[in-house]
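K.L.:
Provided below: start_28.txt, containing compact mmCIF, C-alpha atoms.
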```txt
# COMPACT_ATOMS: atom_id res chain seq x y z
CA MET A 1 0.00 0.00 0.00
CA THR A 2 1.32 3.40 -0.81
CA PHE A 3 0.09 6.64 0.67
CA LYS A 4 -1.62 9.18 -1.56
CA LEU A 5 -2.04 12.92 -1.33
CA PRO A 6 -5.67 13.57 -0.33
CA GLU A 7 -7.66 16.26 -2.12
CA LEU A 8 -8.24 19.48 -0.25
CA PRO A 9 -11.81 19.36 1.11
CA TYR A 10 -12.49 22.90 -0.21
CA ALA A 11 -11.29 25.27 -2.93
CA TYR A 12 -7.84 26.84 -2.62
CA ASP A 13 -9.38 30.25 -2.00
CA ALA A 14 -12.02 29.03 0.46
CA LEU A 15 -10.09 30.09 3.56
CA GLN A 16 -9.31 33.64 2.47
CA PRO A 17 -8.60 36.13 3.90
CA TYR A 18 -7.21 34.10 6.82
CA MET A 19 -5.21 31.70 4.68
CA SER A 20 -4.47 32.59 1.08
CA ALA A 21 -4.96 30.42 -2.00
CA GLU A 22 -1.24 30.83 -2.69
CA THR A 23 -0.32 29.43 0.72
CA LEU A 24 -2.67 26.48 0.31
CA GLN A 25 -1.37 25.71 -3.16
CA PHE A 26 2.23 25.48 -1.98
CA HIS A 27 1.33 23.86 1.30
CA HIS A 28 -0.90 21.15 -0.13
CA ASP A 29 0.44 20.61 -3.63
CA LYS A 30 4.17 20.91 -2.85
CA HIS A 31 4.91 20.40 0.84
CA HIS A 32 2.33 17.70 1.58
CA GLN A 33 3.07 15.96 -1.73
CA ALA A 34 6.78 15.84 -0.84
CA TYR A 35 6.01 14.23 2.52
CA VAL A 36 3.86 11.60 0.78
CA ASP A 37 6.54 10.88 -1.83
CA ASN A 38 9.38 10.71 0.70
CA GLY A 39 7.29 8.66 3.14
CA ASN A 40 6.46 6.12 0.46
CA LYS A 41 10.16 5.77 -0.40
CA LEU A 42 11.29 5.49 3.21
CA ILE A 43 8.72 2.91 4.22
CA VAL A 44 10.15 0.35 1.83
CA GLY A 45 12.23 -2.09 3.86
CA SER A 46 11.30 -0.47 7.18
CA GLY A 47 9.27 -3.48 8.31
CA LEU A 48 6.23 -1.23 8.66
CA GLU A 49 4.78 -1.70 5.18
CA GLY A 50 1.02 -2.25 5.23
CA LYS A 51 0.53 -0.95 8.76
CA SER A 52 -1.93 1.85 9.50
CA ILE A 53 -0.57 5.37 9.45
CA GLU A 54 -1.22 5.68 13.18
CA ASP A 55 0.74 2.50 13.89
CA ILE A 56 3.58 3.68 11.68
CA CYS A 57 3.77 6.98 13.57
CA VAL A 58 4.04 5.17 16.90
CA ALA A 59 6.46 2.48 15.70
CA ALA A 60 8.71 4.87 13.76
CA PHE A 61 9.06 7.13 16.79
CA ALA A 62 9.72 4.23 19.15
CA GLY A 63 12.28 2.88 16.70
CA LYS A 64 13.95 6.29 16.25
CA ASN A 65 13.38 6.22 12.49
CA ALA A 66 13.69 9.98 11.97
CA GLY A 67 12.88 9.89 8.26
CA LEU A 68 9.59 8.07 8.79
CA VAL A 69 8.71 10.08 11.91
CA ASN A 70 9.04 13.25 9.91
CA ASN A 71 7.55 12.26 6.57
CA ILE A 72 4.79 9.84 7.61
CA GLY A 73 4.19 12.03 10.65
CA GLN A 74 3.76 15.03 8.38
CA HIS A 75 1.45 13.04 6.10
CA TYR A 76 -0.76 12.23 9.09
CA ASN A 77 -0.58 15.79 10.40
CA HIS A 78 -1.41 17.45 7.10
CA THR A 79 -4.17 15.00 6.15
CA HIS A 80 -6.01 16.07 9.29
CA PHE A 81 -4.88 19.70 9.10
CA TRP A 82 -6.89 20.29 5.91
CA ASN A 83 -9.95 18.93 7.70
CA TRP A 84 -9.31 20.85 10.90
CA MET A 85 -10.06 23.98 8.86
CA LYS A 86 -13.18 25.14 7.05
CA PRO A 87 -14.59 28.40 5.73
CA ASN A 88 -16.45 30.30 8.46
CA GLY A 89 -14.97 28.08 11.13
CA GLY A 90 -13.91 28.96 14.65
CA GLY A 91 -16.34 30.27 17.23
CA LYS A 92 -16.82 29.32 20.85
CA THR A 93 -19.60 26.76 20.40
CA LEU A 94 -18.07 23.34 20.96
CA PRO A 95 -19.63 19.92 20.37
CA GLY A 96 -21.01 18.45 23.62
CA ARG A 97 -18.26 15.97 24.49
CA LEU A 98 -15.51 18.47 23.80
CA GLU A 99 -17.32 21.16 25.74
CA ARG A 100 -17.38 18.92 28.80
CA LEU A 101 -13.66 18.14 28.51
CA THR A 102 -12.89 21.80 27.96
CA ASP A 103 -14.86 22.76 31.08
CA GLU A 104 -12.86 20.21 33.05
CA TYR A 105 -9.67 21.65 31.57
CA GLY A 106 -10.50 25.12 32.84
CA GLY A 107 -12.81 26.57 30.23
CA PHE A 108 -12.71 27.70 26.61
CA ASP A 109 -10.65 30.84 27.22
CA LYS A 110 -7.93 28.95 29.08
CA MET A 111 -7.85 26.23 26.44
CA ARG A 112 -7.60 28.82 23.66
CA ALA A 113 -4.87 30.80 25.45
CA ASP A 114 -2.82 27.68 26.20
CA PHE A 115 -3.17 26.41 22.63
CA LEU A 116 -2.08 29.73 21.13
CA ASN A 117 0.82 29.93 23.58
CA ALA A 118 1.93 26.41 22.67
CA GLY A 119 1.96 27.42 19.01
CA ALA A 120 3.81 30.67 19.64
CA THR A 121 6.48 29.03 21.79
CA GLN A 122 7.25 25.99 19.61
CA PHE A 123 10.75 27.11 18.60
CA GLY A 124 11.41 26.43 14.96
CA SER A 125 9.21 24.12 12.93
CA GLY A 126 6.44 22.06 14.49
CA TRP A 127 2.86 21.85 15.63
CA ALA A 128 0.61 22.79 18.57
CA TRP A 129 -2.09 20.36 19.66
CA LEU A 130 -5.21 19.56 21.58
CA ALA A 131 -5.08 15.90 22.52
CA ILE A 132 -6.81 13.42 24.79
CA ARG A 133 -4.78 11.58 27.39
CA ASP A 134 -6.48 9.26 29.88
CA GLY A 135 -9.85 10.81 29.09
CA LYS A 136 -8.64 14.35 29.74
CA LEU A 137 -7.89 17.24 27.41
CA GLU A 138 -4.23 18.29 27.08
CA VAL A 139 -2.50 21.09 25.21
CA THR A 140 0.89 20.18 23.82
CA LYS A 141 3.45 21.02 21.15
CA THR A 142 5.86 18.93 19.09
CA PRO A 143 8.83 19.68 16.80
CA ASN A 144 9.03 19.11 13.05
CA GLY A 145 6.91 16.11 11.94
CA GLU A 146 6.12 14.64 15.35
CA ASN A 147 2.58 14.39 16.72
CA PRO A 148 0.84 13.35 19.98
CA LEU A 149 0.39 9.74 18.79
CA MET A 150 4.14 9.37 19.19
CA HIS A 151 3.90 10.68 22.74
CA GLY A 152 1.01 8.53 23.89
CA SER A 153 -2.04 10.72 23.43
CA GLN A 154 -4.76 11.07 20.79
CA PRO A 155 -4.56 14.29 18.74
CA ILE A 156 -7.92 15.96 18.12
CA LEU A 157 -6.76 19.37 16.82
CA GLY A 158 -3.42 20.52 15.46
CA VAL A 159 -2.08 23.71 13.95
CA ASP A 160 0.98 23.80 11.74
CA VAL A 161 3.52 26.38 12.90
CA TRP A 162 6.11 25.64 10.25
CA GLU A 163 6.79 29.00 8.62
CA HIS A 164 5.53 27.66 5.28
CA SER A 165 2.05 27.58 6.82
CA TYR A 166 1.90 31.34 7.41
CA TYR A 167 4.89 33.22 6.08
CA ILE A 168 3.29 34.36 2.82
CA ASP A 169 0.25 35.72 4.66
CA TYR A 170 1.58 36.83 8.05
CA ARG A 171 5.38 37.01 7.67
CA ASN A 172 7.04 36.74 11.08
CA ALA A 173 3.78 37.43 12.96
CA ARG A 174 3.07 33.84 14.05
CA PRO A 175 0.77 34.89 16.95
CA LYS A 176 -1.51 36.75 14.52
CA TYR A 177 -1.72 33.67 12.33
CA LEU A 178 -2.56 31.50 15.32
CA GLU A 179 -5.32 33.82 16.51
CA ALA A 180 -6.88 34.11 13.05
CA TRP A 181 -6.63 30.37 12.54
CA PHE A 182 -8.24 29.51 15.86
CA ASP A 183 -10.96 32.15 15.73
CA HIS A 184 -11.97 31.87 12.07
CA LEU A 185 -10.93 28.54 10.59
CA VAL A 186 -11.20 25.70 13.11
CA ASN A 187 -13.67 22.99 12.12
CA TRP A 188 -14.95 21.87 15.53
CA GLU A 189 -17.14 19.13 14.01
CA TYR A 190 -14.01 17.44 12.68
CA VAL A 191 -12.37 17.82 16.09
CA ASP A 192 -15.38 15.99 17.51
CA GLN A 193 -14.95 13.19 14.95
CA MET A 194 -11.31 12.78 16.02
CA MET A 195 -12.54 11.95 19.51
CA GLY A 196 -13.78 8.62 18.12
CA MET B 1 -5.48 44.48 8.04
CA LEU B 2 -3.94 41.18 7.18
CA ALA B 3 -0.51 41.08 5.62
CA LEU B 4 -2.18 39.24 2.77
CA ASP B 5 -4.31 42.24 1.86
CA ARG B 6 -1.35 44.56 1.99
CA ARG B 7 0.61 42.21 -0.13
CA MET B 8 -2.03 42.01 -2.82
CA PHE B 9 -2.16 45.79 -2.80
CA VAL B 10 1.60 45.95 -3.02
CA ARG B 11 1.58 43.70 -6.04
CA SER B 12 -0.89 45.89 -7.81
CA VAL B 13 1.14 49.05 -7.43
CA GLY B 14 4.33 47.66 -8.82
CA ALA B 15 7.80 46.63 -7.91
CA VAL B 16 9.30 50.03 -7.18
CA ALA B 17 6.62 50.78 -4.63
CA VAL B 18 7.14 47.41 -3.00
CA LEU B 19 10.43 48.43 -1.48
CA GLY B 20 9.18 51.72 -0.14
CA LEU B 21 5.99 50.29 1.30
CA ALA B 22 7.72 47.27 2.77
CA ALA B 23 10.31 49.49 4.42
CA GLY B 24 7.59 51.78 5.74
CA ARG B 25 5.67 48.90 7.19
CA LEU B 26 8.78 47.52 8.83
CA SER B 27 9.69 50.71 10.59
CA GLY B 28 6.08 51.19 11.63
CA ASP B 29 5.83 47.70 13.08
CA VAL B 30 9.11 48.05 14.88
CA ALA B 31 7.92 51.30 16.44
CA ALA B 32 4.65 49.66 17.44
CA GLN B 33 6.39 46.79 19.19
CA ALA B 34 7.61 46.91 22.75
CA ALA B 35 10.77 48.96 23.08
CA PRO B 36 13.94 46.88 22.81
CA VAL B 37 14.86 45.29 26.12
CA LYS B 38 17.97 46.93 27.57
CA GLY B 39 20.84 44.56 27.88
CA PRO B 40 24.36 43.79 26.82
CA PHE B 41 23.47 42.54 23.36
CA THR B 42 22.50 44.76 20.43
CA LEU B 43 21.29 44.16 16.90
CA PRO B 44 24.21 44.87 14.56
CA PRO B 45 23.30 47.01 11.56
CA LEU B 46 23.13 45.27 8.20
CA PRO B 47 26.50 46.01 6.55
CA TYR B 48 24.73 46.79 3.24
CA ASP B 49 21.38 47.91 1.89
CA PRO B 50 18.59 45.30 2.23
CA ALA B 51 18.35 45.31 -1.57
CA ALA B 52 22.08 44.67 -2.06
CA LEU B 53 21.67 40.90 -2.41
CA GLU B 54 19.02 41.12 -5.13
CA PRO B 55 18.05 39.19 -7.15
CA HIS B 56 19.24 36.20 -5.10
CA ILE B 57 17.78 37.35 -1.79
CA ASP B 58 15.04 39.96 -1.99
CA ALA B 59 14.95 43.18 0.01
CA THR B 60 11.68 42.31 1.75
CA THR B 61 13.12 39.06 3.05
CA MET B 62 16.28 40.81 4.22
CA GLY B 63 14.30 43.54 5.97
CA LEU B 64 12.15 41.04 7.85
CA HIS B 65 15.00 38.67 8.54
CA HIS B 66 17.23 41.32 10.06
CA GLY B 67 14.70 43.80 11.45
CA LYS B 68 12.21 41.27 12.84
CA HIS B 69 13.71 37.81 13.29
CA HIS B 70 17.23 38.78 14.35
CA ALA B 71 15.91 41.69 16.43
CA ALA B 72 13.61 39.30 18.28
CA TYR B 73 16.51 36.98 19.15
CA VAL B 74 18.48 39.91 20.59
CA ASN B 75 15.47 41.17 22.53
CA ASN B 76 14.57 37.76 23.91
CA LEU B 77 18.18 37.08 24.89
CA ASN B 78 18.49 40.38 26.76
CA ALA B 79 15.18 39.71 28.52
CA ALA B 80 16.22 36.19 29.54
CA ILE B 81 19.49 37.28 31.15
CA ALA B 82 18.30 40.62 32.56
CA ASP B 83 18.35 39.45 36.18
CA LYS B 84 21.21 36.97 35.76
CA PRO B 85 24.39 39.03 36.39
CA GLU B 86 26.49 35.87 36.53
CA ILE B 87 25.94 35.29 32.81
CA SER B 88 24.94 38.69 31.40
CA SER B 89 28.54 39.92 31.25
CA LEU B 90 29.80 36.96 29.23
CA PRO B 91 30.77 37.42 25.58
CA LEU B 92 28.30 35.70 23.27
CA GLU B 93 30.64 32.88 22.22
CA VAL B 94 31.49 32.15 25.85
CA LEU B 95 27.83 32.14 26.86
CA LEU B 96 27.09 29.62 24.10
CA ALA B 97 30.03 27.40 25.04
CA LYS B 98 28.89 27.39 28.69
CA LEU B 99 25.20 26.70 28.28
CA LYS B 100 25.35 24.00 30.93
CA ASP B 101 26.27 26.70 33.47
CA VAL B 102 23.27 28.84 32.52
CA PRO B 103 20.44 28.58 35.09
CA GLU B 104 18.02 25.88 33.99
CA SER B 105 15.04 28.25 34.13
CA VAL B 106 16.40 30.21 31.15
CA ARG B 107 18.75 27.70 29.52
CA THR B 108 16.56 26.80 26.55
CA THR B 109 15.67 30.44 25.95
CA VAL B 110 19.33 31.43 26.06
CA ARG B 111 20.32 28.54 23.80
CA ASN B 112 17.74 29.48 21.16
CA ASN B 113 18.18 33.22 21.26
CA ALA B 114 21.94 33.47 21.85
CA GLY B 115 22.32 30.96 19.06
CA GLY B 116 20.02 33.00 16.84
CA HIS B 117 21.97 36.17 17.63
CA ALA B 118 25.36 34.56 16.90
CA ASN B 119 24.22 32.78 13.74
CA HIS B 120 22.61 35.85 12.21
CA SER B 121 25.48 38.19 13.18
CA MET B 122 27.80 35.86 11.25
CA PHE B 123 25.33 35.47 8.38
CA TRP B 124 25.04 39.19 7.54
CA GLN B 125 28.80 39.55 7.68
CA ILE B 126 29.62 36.82 5.15
CA MET B 127 27.22 38.03 2.48
CA GLY B 128 27.44 40.96 0.09
CA LYS B 129 26.65 42.28 -3.33
CA PRO B 130 26.87 39.58 -6.01
CA GLY B 131 29.84 39.63 -8.37
CA GLY B 132 32.70 39.90 -5.90
CA PRO B 133 35.95 37.94 -6.11
CA GLY B 134 36.12 34.24 -5.23
CA PRO B 135 38.18 32.67 -2.45
CA GLU B 136 41.87 33.54 -2.54
CA GLY B 137 45.17 32.78 -0.83
CA ASP B 138 45.19 30.65 2.33
CA LEU B 139 41.41 30.27 2.27
CA LYS B 140 41.41 28.93 -1.27
CA ALA B 141 44.25 26.55 -0.41
CA ALA B 142 42.28 25.26 2.61
CA LEU B 143 39.12 24.77 0.54
CA ASP B 144 41.04 22.85 -2.10
CA ARG B 145 42.82 20.76 0.53
CA ASP B 146 39.75 19.84 2.61
CA PHE B 147 37.05 19.61 -0.09
CA SER B 148 39.18 19.19 -3.24
CA SER B 149 37.47 22.24 -4.76
CA LEU B 150 34.99 25.00 -4.04
CA ALA B 151 32.50 23.28 -6.34
CA THR B 152 32.70 20.08 -4.29
CA LEU B 153 32.22 21.98 -1.05
CA GLN B 154 29.17 23.72 -2.52
CA GLU B 155 27.67 20.42 -3.63
CA GLN B 156 28.18 18.78 -0.22
CA PHE B 157 27.02 21.88 1.63
CA ASN B 158 23.84 22.14 -0.46
CA THR B 159 23.08 18.45 0.01
CA MET B 160 23.47 18.79 3.75
CA GLY B 161 21.31 21.92 3.79
CA GLY B 162 18.63 20.13 1.81
CA LYS B 163 18.50 17.33 4.36
CA VAL B 164 17.87 19.51 7.39
CA PHE B 165 14.28 18.60 8.25
CA GLY B 166 12.54 21.70 9.55
CA SER B 167 14.46 24.73 10.76
CA GLY B 168 18.23 24.85 11.02
CA TRP B 169 21.59 25.81 9.61
CA VAL B 170 24.42 24.28 7.64
CA PHE B 171 27.95 25.38 8.53
CA VAL B 172 31.58 25.14 7.56
CA THR B 173 33.63 25.14 10.77
CA VAL B 174 37.27 26.12 11.04
CA ASP B 175 39.76 25.16 13.73
CA LYS B 176 42.93 26.99 14.79
CA GLY B 177 44.94 24.86 12.39
CA GLY B 178 42.75 26.13 9.55
CA ASN B 179 41.04 22.77 8.99
CA LEU B 180 37.55 23.01 7.55
CA ALA B 181 34.57 20.71 8.15
CA LEU B 182 30.87 20.60 7.33
CA GLU B 183 28.06 20.20 9.82
CA ALA B 184 24.33 20.88 10.12
CA ARG B 185 22.47 21.92 13.27
CA PRO B 186 18.77 22.19 14.09
CA ASN B 187 16.92 25.43 14.90
CA GLN B 188 19.40 28.07 16.14
CA ASP B 189 22.00 25.68 17.48
CA THR B 190 25.57 26.50 16.49
CA PRO B 191 29.00 24.84 16.55
CA LEU B 192 29.93 27.61 19.04
CA MET B 193 28.02 25.52 21.60
CA ASP B 194 30.85 22.98 21.33
CA GLY B 195 33.56 25.64 21.44
CA LYS B 196 34.11 25.42 17.70
CA ARG B 197 34.41 28.34 15.29
CA VAL B 198 32.21 28.98 12.25
CA LEU B 199 33.73 30.04 8.93
CA ILE B 200 30.42 30.31 7.07
CA GLY B 201 26.85 29.20 7.57
CA ASN B 202 23.60 29.32 5.65
CA ASP B 203 20.19 29.70 7.25
CA VAL B 204 17.66 27.10 6.05
CA TRP B 205 14.77 28.27 8.20
CA GLU B 206 11.92 28.88 5.78
CA HIS B 207 11.87 32.58 6.71
CA ALA B 208 15.26 32.91 5.01
CA TYR B 209 13.85 32.06 1.59
CA TYR B 210 10.11 31.43 1.53
CA LEU B 211 8.92 34.72 0.01
CA LYS B 212 11.14 34.21 -3.03
CA TYR B 213 11.75 30.46 -3.29
CA GLN B 214 8.75 28.95 -1.40
CA ASN B 215 9.22 25.18 -1.12
CA LYS B 216 12.28 25.20 -3.40
CA ARG B 217 15.00 25.22 -0.76
CA ALA B 218 17.46 23.61 -3.16
CA ASP B 219 17.20 26.61 -5.50
CA TYR B 220 17.84 28.97 -2.59
CA LEU B 221 20.87 26.97 -1.45
CA LYS B 222 22.32 27.09 -4.94
CA ALA B 223 21.64 30.81 -5.44
CA TRP B 224 23.04 31.73 -2.03
CA TRP B 225 26.64 31.18 -3.16
CA SER B 226 26.26 34.18 -5.47
CA VAL B 227 26.05 36.49 -2.46
CA VAL B 228 28.84 34.99 -0.36
CA ASN B 229 31.41 37.71 0.30
CA TRP B 230 34.66 35.77 -0.02
CA THR B 231 36.74 38.74 1.08
CA ALA B 232 34.89 38.75 4.40
CA VAL B 233 35.18 34.96 4.62
CA GLY B 234 38.93 35.25 3.99
CA ASP B 235 39.17 37.72 6.89
CA ARG B 236 37.31 35.26 9.12
CA TYR B 237 39.68 32.48 8.07
CA ALA B 238 42.71 34.61 8.95
CA ALA B 239 41.13 35.54 12.29
CA ALA B 240 40.34 31.90 13.06
CA THR B 241 43.86 30.69 12.36
CA SER B 242 45.28 33.40 14.61
CA GLY B 243 42.81 32.54 17.40
CA LYS B 244 40.96 35.83 17.10
CA LEU B 245 37.63 34.74 15.60
CA ALA B 246 34.81 35.06 18.16
CA ILE B 247 31.46 34.58 16.49
```
Mind turning the file's structure into structure tokens?
P.N.:
Amino acid sequence: MTFKLPELPYAYDALQPYMSAETLQFHHDKHHQAYVDNGNKLIVGSGLEGKSIEDICVAAFAGKNAGLVNNIGQHYNHTHFWNWMKPNGGGKTLPGRLERLTDEYGGFDKMRADFLNAGATQFGSGWAWLAIRDGKLEVTKTPNGENPLMHGSQPILGVDVWEHSYYIDYRNARPKYLEAWFDHLVNWEYVDQMMG
Amino acid sequence: MLALDRRMFVRSVGAVAVLGLAAGRLSGDVAAQAAPVKGPFTLPPLPYDPAALEPHIDATTMGLHHGKHHAAYVNNLNAAIADKPEISSLPLEVLLAKLKDVPESVRTTVRNNAGGHANHSMFWQIMGKPGGPGPEGDLKAALDRDFSSLATLQEQFNTMGGKVFGSGWVFVTVDKGGNLALEARPNQDTPLMDGKRVLIGNDVWEHAYYLKYQNKRADYLKAWWSVVNWTAVGDRYAAATSGKLAI
């Protein structure tokens, strides 16, 4: 089985003005495609052929296979990233299960602030996450192509803080990108689906 | 207003206006930010106009890279060591070589931002207007000895830079005997952290090239050699072999 680049679930310009068509074209067509291509090459002979992408993430990290961690990790991350966004997303109305976990966590405002801070303070390339660990919500961050699966929790929302995700639109202003992304693009229904 | 909107506007009014507007926006944003944190470290001025490296590195990228990214490293470093007199008087290269002695509460911040300050201070210095002379004298002899030729070094350097996954740098280090070696480091790490000296280094963080090259890092790596100032690199080589090169 080889991995394939999924189609974007909306038009390239659907997320404007918060994320430009130009950014999405490069990000999806070039960056994500490269992760798929490199991941497919690196998986040959790794002993992980035919496993699920989630299992590969976990096994590659445990086995310190940096190439697979980064490229298959990025394939997983980006496949969900496109779905974690939608036009007219964001807002403070959360699906029921997530609302309960968020209340336990300390409320929407605390969750939002912690998530944005995780994204702003991930030094260099990486991601910020909402994840579920032992039935509780956690906010976390990971470098490069890593994700919470590799660290023992279930990702339910992730934002890409590699500069390629925002540099065309926001330049060095990563916090502005994070705020716009969280407040206007997040697809909370898909977050709910990720909770299983 | 989003940068995106400004950018689309900028495109519509033409290339000459781009420089003026970009520069205006930069100075405005800098003024709007918190005042620089007082401290021992300062942002060195660019030793040339931001447009000097065109067409290989564009003026907008240079303005942001120096005026925003490098400035932030300096500011964050000064803030991190403000109440740490035991480390705030150390020269930058000493601070980086002694990270294990830095209080744990600020060690990662110092590592990232002192590294960023050192790497970028070196980076501006070794670049210049395209079309200058190539390596000469002792430097050329060392390049030929350790890499067989400049072309071979460039090929190996570019390959190594292409393999850095995520943010980082690729360097040529130089020891007191004048021996050269290649190495890559993640994020803002630097060979200075191991007490080594850097002859040259290229920044492969996406902010160094994304506006002009987007995902095509290999094209950026190749083009970058056109703006290496070999006269400045020769001076660094001479300083390194006489034990005087700091950062």
K.L.:
Mind running chain A against chain B at 9 Å and telling me each contacting residue's nearest atom pair with the distance in Å (one decimal), counting only C-alpha atoms, chain and number ascending, as JSON lines?
P.N.:
```
{"residue": "A:Pro17", "atom": "CA", "partner": "B:Leu4", "partner_atom": "CA", "distance": 7.2}
{"residue": "A:Tyr18", "atom": "CA", "partner": "B:Leu2", "partner_atom": "CA", "distance": 7.8}
{"residue": "A:Met19", "atom": "CA", "partner": "B:Leu4", "partner_atom": "CA", "distance": 8.3}
{"residue": "A:Ser20", "atom": "CA", "partner": "B:Leu4", "partner_atom": "CA", "distance": 7.2}
{"residue": "A:Phe26", "atom": "CA", "partner": "B:Asn215", "partner_atom": "CA", "distance": 7.0}
{"residue": "A:His27", "atom": "CA", "partner": "B:Asn215", "partner_atom": "CA", "distance": 8.4}
{"residue": "A:Lys30", "atom": "CA", "partner": "B:Asn215", "partner_atom": "CA", "distance": 6.8}
{"residue": "A:His31", "atom": "CA", "partner": "B:Asn215", "partner_atom": "CA", "distance": 6.7}
{"residue": "A:Gly67", "atom": "CA", "partner": "B:Phe165", "partner_atom": "CA", "distance": 8.8}
{"residue": "A:Asn70", "atom": "CA", "partner": "B:Phe165", "partner_atom": "CA", "distance": 7.7}
{"residue": "A:Phe123", "atom": "CA", "partner": "B:Asn187", "partner_atom": "CA", "distance": 7.4}
{"residue": "A:Gly124", "atom": "CA", "partner": "B:Ser167", "partner_atom": "CA", "distance": 5.5}
{"residue": "A:Ser125", "atom": "CA", "partner": "B:Gly166", "partner_atom": "CA", "distance": 5.3}
{"residue": "A:Gly126", "atom": "CA", "partner": "B:Gly166", "partner_atom": "CA", "distance": 7.9}
{"residue": "A:Pro143", "atom": "CA", "partner": "B:Gly166", "partner_atom": "CA", "distance": 8.4}
{"residue": "A:Asn144", "atom": "CA", "partner": "B:Gly166", "partner_atom": "CA", "distance": 5.6}
{"residue": "A:Gly145", "atom": "CA", "partner": "B:Gly166", "partner_atom": "CA", "distance": 8.3}
{"residue": "A:Trp162", "atom": "CA", "partner": "B:Gly166", "partner_atom": "CA", "distance": 7.6}
{"residue": "A:Glu163", "atom": "CA", "partner": "B:Glu206", "partner_atom": "CA", "distance": 5.9}
{"residue": "A:His164", "atom": "CA", "partner": "B:Glu206", "partner_atom": "CA", "distance": 6.5}
{"residue": "A:Tyr167", "atom": "CA", "partner": "B:His207", "partner_atom": "CA", "distance": 7.0}
{"residue": "A:Ile168", "atom": "CA", "partner": "B:Leu211", "partner_atom": "CA", "distance": 6.3}
{"residue": "A:Asp169", "atom": "CA", "partner": "B:Leu4", "partner_atom": "CA", "distance": 4.7}
{"residue": "A:Tyr170", "atom": "CA", "partner": "B:Ala3", "partner_atom": "CA", "distance": 5.3}
{"residue": "A:Arg171", "atom": "CA", "partner": "B:Ala3", "partner_atom": "CA", "distance": 7.4}
{"residue": "A:Asn172", "atom": "CA", "partner": "B:Lys68", "partner_atom": "CA", "distance": 7.1}
{"residue": "A:Lys176", "atom": "CA", "partner": "B:Leu2", "partner_atom": "CA", "distance": 8.9}
```
K.L.:
At what distance in Å, to one decimal, does CA of Gln74 in chain A lie from CA of Met62 in chain B?
P.N.:
29.0 Å
K.L.:
So how far away is CA of Lys244 in chain B from CA of Val172 in chain B, in Å?
P.N.:
17.1 Å
K.L.:
Can you tell me how far CA of Lys140 in chain B sits from CA of Pro191 in chain B, in Å to one decimal?
P.N.:
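A separation of 22.1 Å between them.
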K.L.:
Would you pick out the contacts of Ala151 in chain B at 12 Å or less, using all atoms listed in the file, so that residues sharing its chain but fewer than 6 positions from it are not included, and give the list as a JSON list (two decimals) with C-alpha atoms, keeping the file's coordinate frame?
P.N.:
```json
[["chain", "number", "residue", "atom", "x", "y", "z"],
["B", 134, "GLY", "CA", 36.12, 34.24, -5.23],
["B", 135, "PRO", "CA", 38.18, 32.67, -2.45],
["B", 140, "LYS", "CA", 41.41, 28.93, -1.27],
["B", 143, "LEU", "CA", 39.12, 24.77, 0.54],
["B", 144, "ASP", "CA", 41.04, 22.85, -2.10],
["B", 157, "PHE", "CA", 27.02, 21.88, 1.63],
["B", 158, "ASN", "CA", 23.84, 22.14, -0.46],
["B", 222, "LYS", "CA", 22.32, 27.09, -4.94],
["B", 225, "TRP", "CA", 26.64, 31.18, -3.16]]
```
K.L.:
Is it possible to get the residues within 10 Å of (43.3, 33.1, 5.8) (coordinates as in the file, counting all atoms listed in the file) written as a PyMOL selection string?
P.N.:
chain B and resi 135-142+178+231+233-242
K.L.:
Taking into account all atoms listed in the file, which residue in the set B:Ala80, B:Leu150, B:Leu192, B:Leu182 is nearest to Leu95 in chain B?
P.N.:
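The answer is B:Leu192, which sits nearest to Leu95 in chain B.
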K.L.:
Give the centre and edge lengths of an axis-aligned box, in Å to one decimal, that holds all listed atoms of range 14-25 of chain A with 3 Å on each side, as JSON.
P.N.:
```
{"center_x": -6.2, "center_y": 30.9, "center_z": 1.8, "size_x": 17.7, "size_y": 16.4, "size_z": 16.0}
```
K.L.:
Ranking B:Asn76, B:Asn229, B:Thr60, B:Ser88 by minimum distance to Gly115 in chain B and counting only C-alpha atoms, which one comes first?
P.N.:
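Checking each of B:Asn76, B:Asn229, B:Thr60, B:Ser88 against Gly115 in chain B, counting only C-alpha atoms, the winner is B:Asn76.
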K.L.:
With all atoms listed in the file as the atoms that count, which of A:Leu149, A:Pro155, A:Glu104, A:Thr2 lies nearest to Leu130 in chain A?
P.N.:
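Going through A:Leu149, A:Pro155, A:Glu104, A:Thr2 one by one, the smallest distance to Leu130 in chain A is for A:Pro155.
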K.L.:
Can you tell me, as a PyMOL selection string, what residues are no more than 9 Å from Val58 in chain A when counting only C-alpha atoms, ignoring any on the same chain fewer than 4 positions away?
P.N.:
chain A and resi 53-54+62-63+69+149-152
K.L.:
Determine, counting all atoms listed in the file, which protein, DNA and RNA residues have an atom within 6 Å of an atom of range 179-188 of chain A; residues of the same chain fewer than 2 positions away are not included. Present the result as a ChimeraX atom specification.
P.N.:
/A:84-86,88-91,176-177,190-191
K.L.:
Write out as a CSV table (one decimal) with C-alpha atoms, in the coordinates of the input which residues come within 12 Å of Glu49 in chain A when counting all atoms listed in the file, dropping same-chain ones fewer than 6 positions away.
P.N.:
```csv
chain,number,residue,atom,x,y,z
A,1,MET,CA,0.0,0.0,0.0
A,2,THR,CA,1.3,3.4,-0.8
A,3,PHE,CA,0.1,6.6,0.7
A,39,GLY,CA,7.3,8.7,3.1
A,40,ASN,CA,6.5,6.1,0.5
A,41,LYS,CA,10.2,5.8,-0.4
A,42,LEU,CA,11.3,5.5,3.2
A,43,ILE,CA,8.7,2.9,4.2
A,55,ASP,CA,0.7,2.5,13.9
A,56,ILE,CA,3.6,3.7,11.7
A,59,ALA,CA,6.5,2.5,15.7
A,60,ALA,CA,8.7,4.9,13.8
A,68,LEU,CA,9.6,8.1,8.8
A,72,ILE,CA,4.8,9.8,7.6
```
